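Peer 1: Enclosed is the structure file coords_26.txt (compact mmCIF, C-alpha atoms and all ligand atoms).
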```
# COMPACT_ATOMS: atom_id res chain seq x y z
CA MET A 1 0.00 0.00 0.00
CA THR A 2 1.27 3.46 -0.88
CA ASP A 3 0.84 5.79 2.06
CA LEU A 4 -1.20 8.66 0.67
CA PHE A 5 0.42 10.89 3.30
CA SER A 6 3.93 10.41 1.88
CA LYS A 7 3.42 13.48 -0.31
CA PHE A 8 3.49 15.56 2.88
CA ASP A 9 6.87 14.24 4.10
CA ASP A 10 8.74 17.40 3.14
CA ILE A 11 6.44 19.67 5.08
CA ILE A 12 6.41 17.29 8.07
CA GLU A 13 10.22 17.40 8.07
CA MET A 14 10.32 21.17 7.70
CA ARG A 15 8.06 21.55 10.74
CA ARG A 16 10.03 19.00 12.78
CA ALA A 17 13.34 20.76 12.03
CA LEU A 18 11.87 24.14 12.90
CA LEU A 19 10.53 22.95 16.26
CA ALA A 20 13.76 21.02 16.97
CA SER A 21 15.63 24.34 16.71
CA GLY A 22 13.76 25.32 19.88
CA VAL A 23 11.34 27.96 18.54
CA GLU A 24 7.71 28.03 19.49
CA ASP A 25 5.31 26.74 16.78
CA PRO A 26 4.38 29.91 14.87
CA PHE A 27 1.35 28.19 13.35
CA SER A 28 -0.50 27.17 16.48
CA LEU A 29 -0.55 30.22 18.72
CA VAL A 30 -3.64 30.48 20.92
CA MET A 31 -5.40 33.78 21.66
CA GLU A 32 -6.38 33.01 25.25
CA ARG A 33 -8.40 36.19 25.66
CA VAL A 34 -9.06 39.04 23.28
CA LEU A 35 -9.24 42.39 25.05
CA SER A 36 -9.79 44.72 22.09
CA PRO A 37 -9.17 44.82 18.32
CA THR A 38 -5.49 45.48 19.06
CA VAL A 39 -4.67 43.57 22.27
CA ALA A 40 -5.00 39.89 23.24
CA VAL A 41 -3.57 37.60 25.90
CA CYS A 42 -1.20 35.01 24.41
CA ASN A 43 0.86 32.65 26.59
CA GLY A 44 -0.49 34.50 29.61
CA ARG A 45 0.81 37.92 28.55
CA GLU A 46 -0.80 40.98 27.03
CA THR A 47 0.20 41.16 23.40
CA ILE A 48 -0.24 43.91 20.81
CA LEU A 49 -1.85 42.45 17.70
CA VAL A 50 -0.39 43.64 14.44
CA GLY A 51 -1.09 40.46 12.50
CA THR A 52 -4.87 40.42 12.19
CA TYR A 53 -7.02 41.58 9.28
CA ASN A 54 -9.12 43.67 11.63
CA TYR A 55 -8.23 46.78 9.61
CA MET A 56 -11.10 48.96 10.76
CA GLY A 57 -11.29 47.54 14.30
CA MET A 58 -14.98 46.63 14.03
CA THR A 59 -14.87 43.42 16.11
CA PHE A 60 -15.58 45.21 19.39
CA ASP A 61 -17.82 47.97 18.04
CA PRO A 62 -20.72 48.20 20.54
CA ASP A 63 -23.39 48.53 17.81
CA VAL A 64 -22.00 45.53 15.94
CA ILE A 65 -21.98 43.40 19.09
CA ALA A 66 -25.49 44.50 20.06
CA ALA A 67 -26.82 43.59 16.59
CA GLY A 68 -25.30 40.13 16.85
CA LYS A 69 -26.73 39.50 20.31
CA GLU A 70 -30.18 40.65 19.27
CA ALA A 71 -30.17 38.39 16.20
CA LEU A 72 -29.08 35.42 18.33
CA ASP A 73 -32.07 36.01 20.61
CA LEU A 74 -34.54 36.59 17.79
CA TYR A 75 -33.46 34.00 15.22
CA GLY A 76 -31.40 31.39 17.07
CA SER A 77 -27.85 30.22 16.53
CA GLY A 78 -27.94 29.00 12.93
CA THR A 79 -30.07 28.54 9.83
CA THR A 80 -29.33 24.84 9.24
CA GLY A 81 -29.90 25.27 5.54
CA SER A 82 -28.89 26.59 2.15
CA ARG A 83 -29.78 30.07 0.95
CA VAL A 84 -32.01 28.52 -1.73
CA LEU A 85 -34.00 26.41 0.75
CA ASN A 86 -34.62 27.40 4.38
CA GLY A 87 -31.44 29.46 4.85
CA THR A 88 -32.51 32.94 3.71
CA TYR A 89 -33.60 35.01 6.72
CA SER A 90 -34.40 38.70 6.63
CA GLY A 91 -30.85 39.36 7.90
CA HIS A 92 -29.34 37.84 4.74
CA ARG A 93 -31.45 40.15 2.63
CA GLU A 94 -30.49 43.10 4.84
CA VAL A 95 -26.77 42.50 4.57
CA GLU A 96 -27.10 42.22 0.78
CA GLN A 97 -28.96 45.55 0.79
CA ALA A 98 -26.18 47.08 2.93
CA LEU A 99 -23.63 45.87 0.37
CA ARG A 100 -25.61 47.28 -2.57
CA GLU A 101 -25.66 50.64 -0.79
CA PHE A 102 -22.00 50.46 0.26
CA TYR A 103 -20.82 49.83 -3.33
CA ALA A 104 -23.70 51.66 -5.07
CA MET A 105 -24.24 48.57 -7.22
CA ASP A 106 -27.37 46.74 -8.37
CA HIS A 107 -26.67 43.23 -7.11
CA ALA A 108 -25.06 41.65 -4.05
CA MET A 109 -24.76 37.98 -3.22
CA VAL A 110 -23.47 36.76 0.13
CA PHE A 111 -21.49 33.54 0.56
CA SER A 112 -20.42 31.74 3.71
CA THR A 113 -16.78 32.86 3.24
CA GLY A 114 -14.72 34.97 0.84
CA TYR A 115 -12.99 31.77 -0.18
CA GLN A 116 -16.32 30.37 -1.32
CA ALA A 117 -17.23 33.62 -3.09
CA ASN A 118 -14.14 33.31 -5.30
CA LEU A 119 -14.62 29.58 -5.71
CA GLY A 120 -18.26 30.02 -6.70
CA ILE A 121 -18.19 33.09 -8.91
CA ILE A 122 -15.02 32.22 -10.84
CA SER A 123 -15.88 28.56 -11.48
CA THR A 124 -19.44 29.42 -12.49
CA ILE A 125 -18.91 32.35 -14.84
CA ALA A 126 -15.79 31.05 -16.63
CA GLY A 127 -16.58 27.65 -18.14
CA LYS A 128 -15.42 25.33 -20.90
CA GLY A 129 -14.02 27.25 -23.87
CA ASP A 130 -13.59 30.46 -21.83
CA TYR A 131 -10.25 31.95 -20.73
CA ILE A 132 -9.15 33.30 -17.36
CA VAL A 133 -6.21 35.71 -17.37
CA LEU A 134 -4.90 36.24 -13.85
CA ASP A 135 -1.98 37.60 -11.85
CA ILE A 136 0.41 34.81 -10.83
CA ASP A 137 0.36 36.04 -7.21
CA SER A 138 -3.42 35.62 -6.90
CA HIS A 139 -4.87 34.35 -3.62
CA ALA A 140 -5.35 30.59 -3.20
CA SER A 141 -9.15 30.97 -3.36
CA ILE A 142 -8.82 32.48 -6.86
CA TRP A 143 -6.61 29.64 -8.05
CA ASP A 144 -8.97 27.10 -6.52
CA GLY A 145 -11.92 28.80 -8.27
CA CYS A 146 -10.04 28.37 -11.55
CA LYS A 147 -9.37 24.71 -10.76
CA LEU A 148 -13.01 24.04 -9.98
CA GLY A 149 -14.14 25.47 -13.34
CA ASP A 150 -13.28 24.30 -16.84
CA ALA A 151 -11.83 27.47 -18.32
CA GLU A 152 -8.35 27.75 -19.80
CA VAL A 153 -6.13 29.49 -17.20
CA VAL A 154 -3.49 31.97 -18.38
CA PRO A 155 -1.32 33.51 -15.61
CA PHE A 156 0.87 36.59 -16.06
CA LYS A 157 3.77 38.06 -14.05
CA HIS A 158 2.70 39.96 -10.94
CA ASN A 159 1.38 43.46 -11.69
CA ASP A 160 3.00 43.37 -15.18
CA ILE A 161 0.71 45.35 -17.48
CA GLU A 162 2.52 44.39 -20.70
CA ALA A 163 2.59 40.70 -19.83
CA MET A 164 -1.15 40.81 -19.17
CA GLU A 165 -1.82 42.50 -22.51
CA LYS A 166 0.35 39.99 -24.39
CA ARG A 167 -1.57 37.05 -22.89
CA LEU A 168 -4.91 38.65 -23.72
CA LYS A 169 -3.96 39.29 -27.32
CA ARG A 170 -3.05 35.63 -27.86
CA ILE A 171 -6.56 34.46 -26.91
CA PRO A 172 -9.04 33.89 -29.77
CA GLU A 173 -11.01 37.09 -30.25
CA ASP A 174 -14.47 35.54 -29.93
CA ALA A 175 -13.68 33.48 -26.78
CA GLY A 176 -15.16 34.48 -23.40
CA LYS A 177 -12.48 36.17 -21.30
CA LEU A 178 -12.27 36.98 -17.61
CA VAL A 179 -9.41 39.03 -16.18
CA ILE A 180 -8.93 38.53 -12.42
CA LEU A 181 -7.04 41.07 -10.33
CA GLU A 182 -6.72 41.97 -6.66
CA GLY A 183 -6.83 45.51 -5.30
CA VAL A 184 -4.23 44.84 -2.59
CA TYR A 185 -1.98 41.78 -2.76
CA SER A 186 -1.96 40.54 0.78
CA MET A 187 1.51 39.03 1.05
CA MET A 188 3.57 42.11 0.10
CA GLY A 189 0.86 44.71 0.75
CA ASP A 190 1.25 46.24 -2.72
CA ILE A 191 -1.61 47.49 -4.86
CA ALA A 192 -2.44 46.73 -8.51
CA PRO A 193 -2.32 49.29 -11.34
CA LEU A 194 -6.03 48.64 -11.84
CA LYS A 195 -6.66 51.69 -14.01
CA GLU A 196 -4.22 50.62 -16.71
CA MET A 197 -5.00 46.91 -16.44
CA ILE A 198 -8.76 47.33 -16.60
CA ALA A 199 -8.46 49.61 -19.65
CA ILE A 200 -6.47 46.91 -21.43
CA ALA A 201 -8.85 44.16 -20.34
CA LYS A 202 -11.82 46.11 -21.69
CA ALA A 203 -10.03 47.00 -24.95
CA ASN A 204 -9.52 43.26 -25.46
CA GLY A 205 -13.13 42.29 -24.79
CA ALA A 206 -12.62 40.80 -21.33
CA MET A 207 -14.87 40.99 -18.29
CA VAL A 208 -13.09 42.00 -15.08
CA LEU A 209 -13.28 40.60 -11.56
CA VAL A 210 -11.43 42.40 -8.76
CA ASP A 211 -10.91 40.87 -5.33
CA GLU A 212 -10.93 43.80 -2.89
CA ALA A 213 -10.61 41.66 0.27
CA HIS A 214 -7.79 43.75 1.75
CA SER A 215 -8.98 47.19 0.68
CA MET A 216 -12.67 47.22 1.55
CA GLY A 217 -13.50 49.72 4.26
CA PHE A 218 -10.10 51.39 4.09
CA ILE A 219 -8.94 52.32 0.57
CA GLY A 220 -10.89 54.77 -1.61
CA PRO A 221 -12.90 57.85 -0.62
CA ASN A 222 -15.82 55.63 0.52
CA GLY A 223 -13.77 52.58 1.40
CA ARG A 224 -14.94 50.70 -1.71
CA GLY A 225 -11.40 49.66 -2.55
CA VAL A 226 -8.54 50.27 -4.94
CA ALA A 227 -10.83 50.36 -8.01
CA GLU A 228 -12.73 53.24 -6.41
CA ASP A 229 -9.48 54.97 -5.45
CA GLN A 230 -8.23 54.77 -9.05
CA GLY A 231 -11.60 55.91 -10.43
CA VAL A 232 -12.44 52.70 -12.31
CA LEU A 233 -15.01 50.97 -10.12
CA ASP A 234 -17.67 51.48 -12.81
CA GLN A 235 -15.53 49.40 -15.19
CA VAL A 236 -15.37 46.40 -12.86
CA ASP A 237 -17.90 43.67 -13.65
CA PHE A 238 -17.56 41.75 -10.37
CA VAL A 239 -16.13 42.85 -7.03
CA ILE A 240 -15.34 40.04 -4.60
CA GLY A 241 -14.98 40.79 -0.92
CA THR A 242 -15.03 39.29 2.53
CA PHE A 243 -16.53 40.01 5.94
CA SER A 244 -13.48 38.45 7.63
CA LYS A 245 -11.27 41.54 7.39
CA SER A 246 -12.51 45.16 7.70
CA VAL A 247 -16.09 44.06 8.37
CA GLY A 248 -14.86 42.11 11.40
CA THR A 249 -16.84 38.87 11.21
CA VAL A 250 -17.01 36.02 8.66
CA GLY A 251 -18.58 35.67 5.22
CA GLY A 252 -17.93 36.61 1.60
CA PHE A 253 -19.70 38.39 -1.21
CA CYS A 254 -19.83 39.43 -4.81
CA VAL A 255 -21.35 42.72 -5.99
CA SER A 256 -22.10 43.48 -9.63
CA ASN A 257 -24.14 45.59 -12.03
CA HIS A 258 -24.49 42.76 -14.54
CA PRO A 259 -28.19 42.64 -15.52
CA LYS A 260 -28.29 38.82 -15.39
CA PHE A 261 -26.37 38.53 -12.11
CA GLU A 262 -29.26 37.09 -10.07
CA VAL A 263 -29.08 33.81 -12.03
CA MET A 264 -25.95 33.08 -9.97
CA ARG A 265 -28.20 32.17 -7.05
CA LEU A 266 -29.45 29.18 -9.02
CA VAL A 267 -26.30 27.98 -10.75
CA CYS A 268 -23.41 28.72 -8.38
CA ARG A 269 -22.70 25.50 -6.51
CA PRO A 270 -20.65 26.96 -3.57
CA TYR A 271 -23.69 29.18 -2.91
CA VAL A 272 -26.37 26.52 -3.34
CA PHE A 273 -24.80 23.46 -1.74
CA THR A 274 -23.75 24.83 1.64
CA ALA A 275 -25.45 26.24 4.72
CA SER A 276 -25.98 29.99 4.93
CA LEU A 277 -24.33 32.22 7.51
CA PRO A 278 -25.81 32.31 11.04
CA PRO A 279 -28.27 35.18 11.70
CA SER A 280 -25.94 36.75 14.29
CA VAL A 281 -23.13 36.90 11.72
CA VAL A 282 -25.18 38.60 9.00
CA ALA A 283 -26.58 41.05 11.57
CA THR A 284 -23.07 42.02 12.73
CA ALA A 285 -21.92 42.29 9.10
CA ALA A 286 -24.82 44.55 8.06
CA THR A 287 -24.27 46.87 11.03
CA SER A 288 -20.53 46.99 10.45
CA ILE A 289 -20.86 47.69 6.69
CA ARG A 290 -23.28 50.55 7.34
CA LYS A 291 -20.86 52.05 9.88
CA LEU A 292 -17.93 51.65 7.47
CA MET A 293 -19.75 53.94 5.04
CA HIS A 294 -19.03 56.74 7.53
CA GLY A 295 -15.52 55.63 8.49
CA HIS A 296 -13.62 58.60 7.02
CA ASN A 297 -11.81 59.47 10.26
CA LYS A 298 -10.82 55.87 10.85
CA ARG A 299 -9.54 55.59 7.29
CA GLN A 300 -7.40 58.68 7.81
CA HIS A 301 -5.99 57.40 11.10
CA LEU A 302 -5.19 54.00 9.56
CA TRP A 303 -3.23 55.71 6.77
CA GLU A 304 -1.27 57.63 9.44
CA ASN A 305 -0.51 54.35 11.22
CA SER A 306 0.60 52.73 7.99
CA ARG A 307 2.92 55.61 7.09
CA THR A 308 4.46 55.78 10.59
CA LEU A 309 5.09 52.04 10.87
CA HIS A 310 6.48 51.75 7.34
CA ALA A 311 8.90 54.65 7.89
CA GLY A 312 9.88 53.43 11.38
CA ILE A 313 10.67 49.84 10.40
CA LYS A 314 12.45 50.94 7.23
CA ALA A 315 14.63 53.36 9.23
CA LEU A 316 15.75 50.45 11.44
CA GLY A 317 17.28 48.79 8.38
CA PHE A 318 14.71 46.08 7.67
CA LYS A 319 13.89 45.20 4.05
CA LEU A 320 10.23 45.85 3.25
CA GLY A 321 7.86 44.48 0.62
CA THR A 322 7.07 47.95 -0.77
CA GLN A 323 9.13 51.13 -1.10
CA THR A 324 6.24 53.24 0.16
CA PRO A 325 3.19 52.32 2.26
CA GLN A 326 0.44 51.27 -0.16
CA SER A 327 -2.07 49.59 2.16
CA ALA A 328 -2.53 48.56 5.80
CA ILE A 329 -0.13 45.65 5.26
CA ILE A 330 3.60 46.13 5.80
CA ALA A 331 5.63 43.07 4.87
CA VAL A 332 9.06 42.71 6.48
CA ILE A 333 11.30 40.39 4.45
CA MET A 334 13.29 37.84 6.46
CA PRO A 335 16.53 36.24 5.23
CA ASP A 336 15.16 32.67 5.65
CA LEU A 337 12.53 30.64 7.52
CA GLU A 338 14.80 29.84 10.48
CA ARG A 339 15.70 33.46 11.19
CA GLY A 340 12.14 34.53 10.37
CA ALA A 341 10.76 32.10 12.96
CA ALA A 342 13.39 33.21 15.51
CA MET A 343 12.46 36.84 14.95
CA TRP A 344 8.74 36.00 15.15
CA GLU A 345 9.34 34.34 18.51
CA ALA A 346 11.48 37.24 19.77
CA LEU A 347 8.65 39.65 18.87
CA LEU A 348 6.13 37.47 20.69
CA HIS A 349 8.28 37.37 23.82
CA GLU A 350 8.36 41.16 23.71
CA GLY A 351 4.55 41.20 23.54
CA LEU A 352 3.92 41.66 19.81
CA TYR A 353 2.06 39.35 17.46
CA VAL A 354 2.70 39.52 13.69
CA ASN A 355 1.98 36.96 10.94
CA LEU A 356 4.80 34.68 9.88
CA ALA A 357 4.22 33.85 6.22
CA ARG A 358 6.23 31.33 4.23
CA PRO A 359 6.05 29.56 0.86
CA PRO A 360 3.82 28.47 -0.84
CA ALA A 361 1.66 31.38 0.42
CA THR A 362 4.43 33.91 -0.31
CA PRO A 363 5.88 34.93 -3.69
CA ALA A 364 9.47 34.05 -4.70
CA ASN A 365 9.96 31.62 -1.77
CA MET A 366 10.16 34.49 0.69
CA THR A 367 9.69 34.32 4.44
CA LEU A 368 7.80 37.37 5.64
CA LEU A 369 6.78 38.93 8.91
CA ARG A 370 3.58 40.63 7.93
CA CYS A 371 2.28 43.54 9.95
CA SER A 372 -1.32 44.49 9.32
CA LEU A 373 -2.42 47.65 11.01
CA CYS A 374 -5.74 48.54 12.54
CA ALA A 375 -7.54 51.88 12.68
CA GLU A 376 -7.77 51.30 16.46
CA HIS A 377 -3.98 51.16 16.97
CA THR A 378 -3.01 54.29 18.86
CA ALA A 379 0.01 56.37 17.87
CA ASP A 380 1.63 55.15 21.11
CA GLN A 381 1.06 51.49 20.17
CA VAL A 382 2.65 52.09 16.76
CA GLU A 383 5.72 53.61 18.43
CA ARG A 384 5.90 50.60 20.78
CA ILE A 385 5.68 48.24 17.78
CA ILE A 386 8.69 49.99 16.19
CA GLY A 387 10.63 49.75 19.46
CA ILE A 388 9.88 46.03 19.76
CA PHE A 389 11.01 45.45 16.15
CA GLU A 390 14.29 47.17 16.97
CA ARG A 391 15.01 45.05 20.07
CA ALA A 392 13.87 41.76 18.49
CA GLY A 393 15.71 42.47 15.22
CA LYS A 394 18.96 43.03 17.12
CA ALA A 395 18.40 39.95 19.32
CA ALA A 396 17.75 37.77 16.23
CA GLY A 397 20.78 39.27 14.41
CA ILE A 398 18.72 40.60 11.52
CA ILE A 399 19.57 44.29 11.90
C1 LIG B 1 -7.38 38.18 -1.52
C2 LIG B 1 -8.25 37.29 -0.69
N1 LIG B 1 -9.40 36.83 -1.21
C3 LIG B 1 -10.20 36.02 -0.49
C4 LIG B 1 -9.89 35.64 0.79
C5 LIG B 1 -10.80 34.70 1.53
O1 LIG B 1 -11.50 35.34 2.50
P1 LIG B 1 -12.25 34.57 3.69
O2 LIG B 1 -11.38 34.67 4.89
O3 LIG B 1 -13.55 35.29 3.84
O4 LIG B 1 -12.46 33.16 3.23
C6 LIG B 1 -8.72 36.09 1.37
C7 LIG B 1 -8.36 35.69 2.74
O5 LIG B 1 -7.33 35.84 3.25
C8 LIG B 1 -7.87 36.93 0.61
O6 LIG B 1 -6.72 37.37 1.12
```
Represent the structure from my file as structure tokens, please.
Peer 2:
Amino acid sequence: MTDLFSKFDDIIEMRRALLASGVEDPFSLVMERVLSPTVAVCNGRETILVGTYNYMGMTFDPDVIAAGKEALDLYGSGTTGSRVLNGTYSGHREVEQALREFYAMDHAMVFSTGYQANLGIISTIAGKGDYIVLDIDSHASIWDGCKLGDAEVVPFKHNDIEAMEKRLKRIPEDAGKLVILEGVYSMMGDIAPLKEMIAIAKANGAMVLVDEAHSMGFIGPNGRGVAEDQGVLDQVDFVIGTFSKSVGTVGGFCVSNHPKFEVMRLVCRPYVFTASLPPSVVATAATSIRKLMHGHNKRQHLWENSRTLHAGIKALGFKLGTQTPQSAIIAVIMPDLERGAAMWEALLHEGLYVNLARPPATPANMTLLRCSLCAEHTADQVERIIGIFERAGKAAGII
């Protein structure tokens, strides 16, 4: 018998060697208590969180929490059914209405996660004989959506406008084409040149899907994302997003102005064949989305945090994923996994949590310490984060 697990031997060995070097397991940290959007208790000590996707700090918003509690009391803990059977409650309709208003678009469809939104929309709209042209650094859920469908998949070099155009021009003119881009690429925290790319996609007869998971709530005058910021949201056919980041709960969605969009509710398998979100979750999401519409001050403060942290860590001599701050994510490039894990642990011992990211999630085999800022981080916390990076970087021999 061939052990079907033998394909995982390399990763099992990598983990064993890492733990044998004496570092704490960076992939099984427990948040013992969560005190606020920016502070939790880990290993019994208060820890500043700069590795969550809680960009707008909505998880402890009193209105959001009250809406969730009320929905639990009124509707119970779960729907126990699909959206197309018994799983559509008034809260699901309300959150879709909140999304239509947030994006000023005609249609909104809510999925149980952002992962499923990409899986469902991509695999359903791009079928046999169609072509998907996508950035090579696309999120796993985008790649998995491509795998689940039958379209021809054509990747191009990250953020390379010319490479994208070349690929598009090679596709038969009359074939269905979908270009998939992200507003913010979450590993390095860089943004896409959406304006130029969308113009080329349209000139070549392609529809465009933009995943704005890491920009919703924060980037753009109304927090609609990078496409709004670059003035091209009206050119985007499908925006994919998630409730698990700025919205502060769980769930995913697609918004669109396509006149036939509602047919998706009947044909999109990751929407039909799974249970809908619990009433408390959609109630928290709807309340949070409506508050994010008025989050101008928070957006401004988050940009200040991003600029301060980027400049501070750069001045210490660390190598960063972007030359300038482009989003709420600041990626600090580590020389290798061993030193990255040692630095991660040194930060944790100093009371700071960041994300350790490694291949295959990262581009070019990089090990990254990813800082993602929150609008609720105070200026004092940001200064403390920089101080901790300095001490830990020196202790780990990286600066
Ligand atoms: C770009 C992108 N799209 C989609 C998702 C999936 O979101 P969710 O957590 O709602 O499944 C993520 C999650 O990290 C993401 O980074």
Peer 1: Please provide as an mmCIF file with C-alpha atoms, in the frame of the given file all residues within 12 Å of Ser186 of chain A, with the sequence filter that same-chain residues fewer than 3 positions apart are discarded (counting only C-alpha atoms).
Peer 2:
```cif
data_model
loop_
_atom_site.group_PDB
_atom_site.id
_atom_site.type_symbol
_atom_site.label_atom_id
_atom_site.label_comp_id
_atom_site.auth_asym_id
_atom_site.auth_seq_id
_atom_site.Cartn_x
_atom_site.Cartn_y
_atom_site.Cartn_z
ATOM 1 C CA GLY A 51 -1.090 40.460 12.500
ATOM 2 C CA THR A 52 -4.870 40.420 12.190
ATOM 3 C CA TYR A 53 -7.020 41.580 9.280
ATOM 4 C CA ASP A 137 0.360 36.040 -7.210
ATOM 5 C CA SER A 138 -3.420 35.620 -6.900
ATOM 6 C CA HIS A 139 -4.870 34.350 -3.620
ATOM 7 C CA ALA A 140 -5.350 30.590 -3.200
ATOM 8 C CA GLU A 182 -6.720 41.970 -6.660
ATOM 9 C CA GLY A 183 -6.830 45.510 -5.300
ATOM 10 C CA GLY A 189 0.860 44.710 0.750
ATOM 11 C CA ASP A 190 1.250 46.240 -2.720
ATOM 12 C CA ILE A 191 -1.610 47.490 -4.860
ATOM 13 C CA ALA A 192 -2.440 46.730 -8.510
ATOM 14 C CA ASP A 211 -10.910 40.870 -5.330
ATOM 15 C CA GLU A 212 -10.930 43.800 -2.890
ATOM 16 C CA ALA A 213 -10.610 41.660 0.270
ATOM 17 C CA HIS A 214 -7.790 43.750 1.750
ATOM 18 C CA SER A 215 -8.980 47.190 0.680
ATOM 19 C CA LYS A 245 -11.270 41.540 7.390
ATOM 20 C CA GLY A 321 7.860 44.480 0.620
ATOM 21 C CA THR A 322 7.070 47.950 -0.770
ATOM 22 C CA GLN A 326 0.440 51.270 -0.160
ATOM 23 C CA SER A 327 -2.070 49.590 2.160
ATOM 24 C CA ALA A 328 -2.530 48.560 5.800
ATOM 25 C CA ILE A 329 -0.130 45.650 5.260
ATOM 26 C CA ILE A 330 3.600 46.130 5.800
ATOM 27 C CA ALA A 331 5.630 43.070 4.870
ATOM 28 C CA ASN A 355 1.980 36.960 10.940
ATOM 29 C CA ALA A 357 4.220 33.850 6.220
ATOM 30 C CA ALA A 361 1.660 31.380 0.420
ATOM 31 C CA THR A 362 4.430 33.910 -0.310
ATOM 32 C CA PRO A 363 5.880 34.930 -3.690
ATOM 33 C CA LEU A 368 7.800 37.370 5.640
ATOM 34 C CA ARG A 370 3.580 40.630 7.930
ATOM 35 C CA CYS A 371 2.280 43.540 9.950
ATOM 36 C CA SER A 372 -1.320 44.490 9.320
#
```
Peer 1: Can you list, as JSON, numbers by chain, every protein, DNA or RNA residue that comes within 9 Å of Arg265 of chain A when you count all atoms listed in the file, leaving out same-chain residues fewer than 3 positions away?
Peer 2: {"A": [83, 84, 109, 261, 262, 268, 269, 271, 272]}
Peer 1: Which residues are near ligand LIG 1 (chain B) in this structure, taking near to mean any atom at most 6 Å from a ligand atom and counting all atoms listed in the file? Format them as a VMD selection string.
Peer 2: chain A and resid 113 to 115 139 141 186 211 213 242 to 244 250 to 252
Peer 1: At a cut-off of 8 Å, using all atoms listed in the file, what residues contact Gln235 of chain A? Leave out same-chain residues fewer than 2 positions from it and give the result as a ChimeraX atom specification.
Peer 2: /A:198,208,232-233,237
Peer 1: Return the single residue from A:Ala285, A:Ala375, A:Met187, A:Met293 that is closest to Arg93 of chain A, with distances computed using all atoms listed in the file.
Peer 2: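 With all atoms listed in the file as the atom set, the closest residue is A:Ala285.
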Peer 1: Quick one: residues within 12 Å of Arg33 of chain A, only C-alpha atoms, excluding same-chain residues fewer than 3 positions away - as a list in words?
Peer 2: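 Everything that qualifies: Val30, Ser36, Pro37, Thr38, Val39, Ala40, Val41, Cys42, Asn43, Gly44, Arg45, Glu46 and Thr47 of chain A.
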Peer 1: Give the answer as one residue: which of A:Glu24, A:Asp9, A:Glu338, A:Asp61 has the shortest atom-to-atom distance to Lys291 of chain A, using all atoms listed in the file?
Peer 2: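 When distances to Lys291 of chain A are compared using all atoms listed in the file, the smallest one comes from A:Asp61.
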Peer 1: In terms of the shortest atom-to-atom distance over all atoms listed in the file, which of A:Gly91, A:Gly340, A:Gly176, A:Gly217 is closest to Thr367 of chain A?
Peer 2: A:Gly340
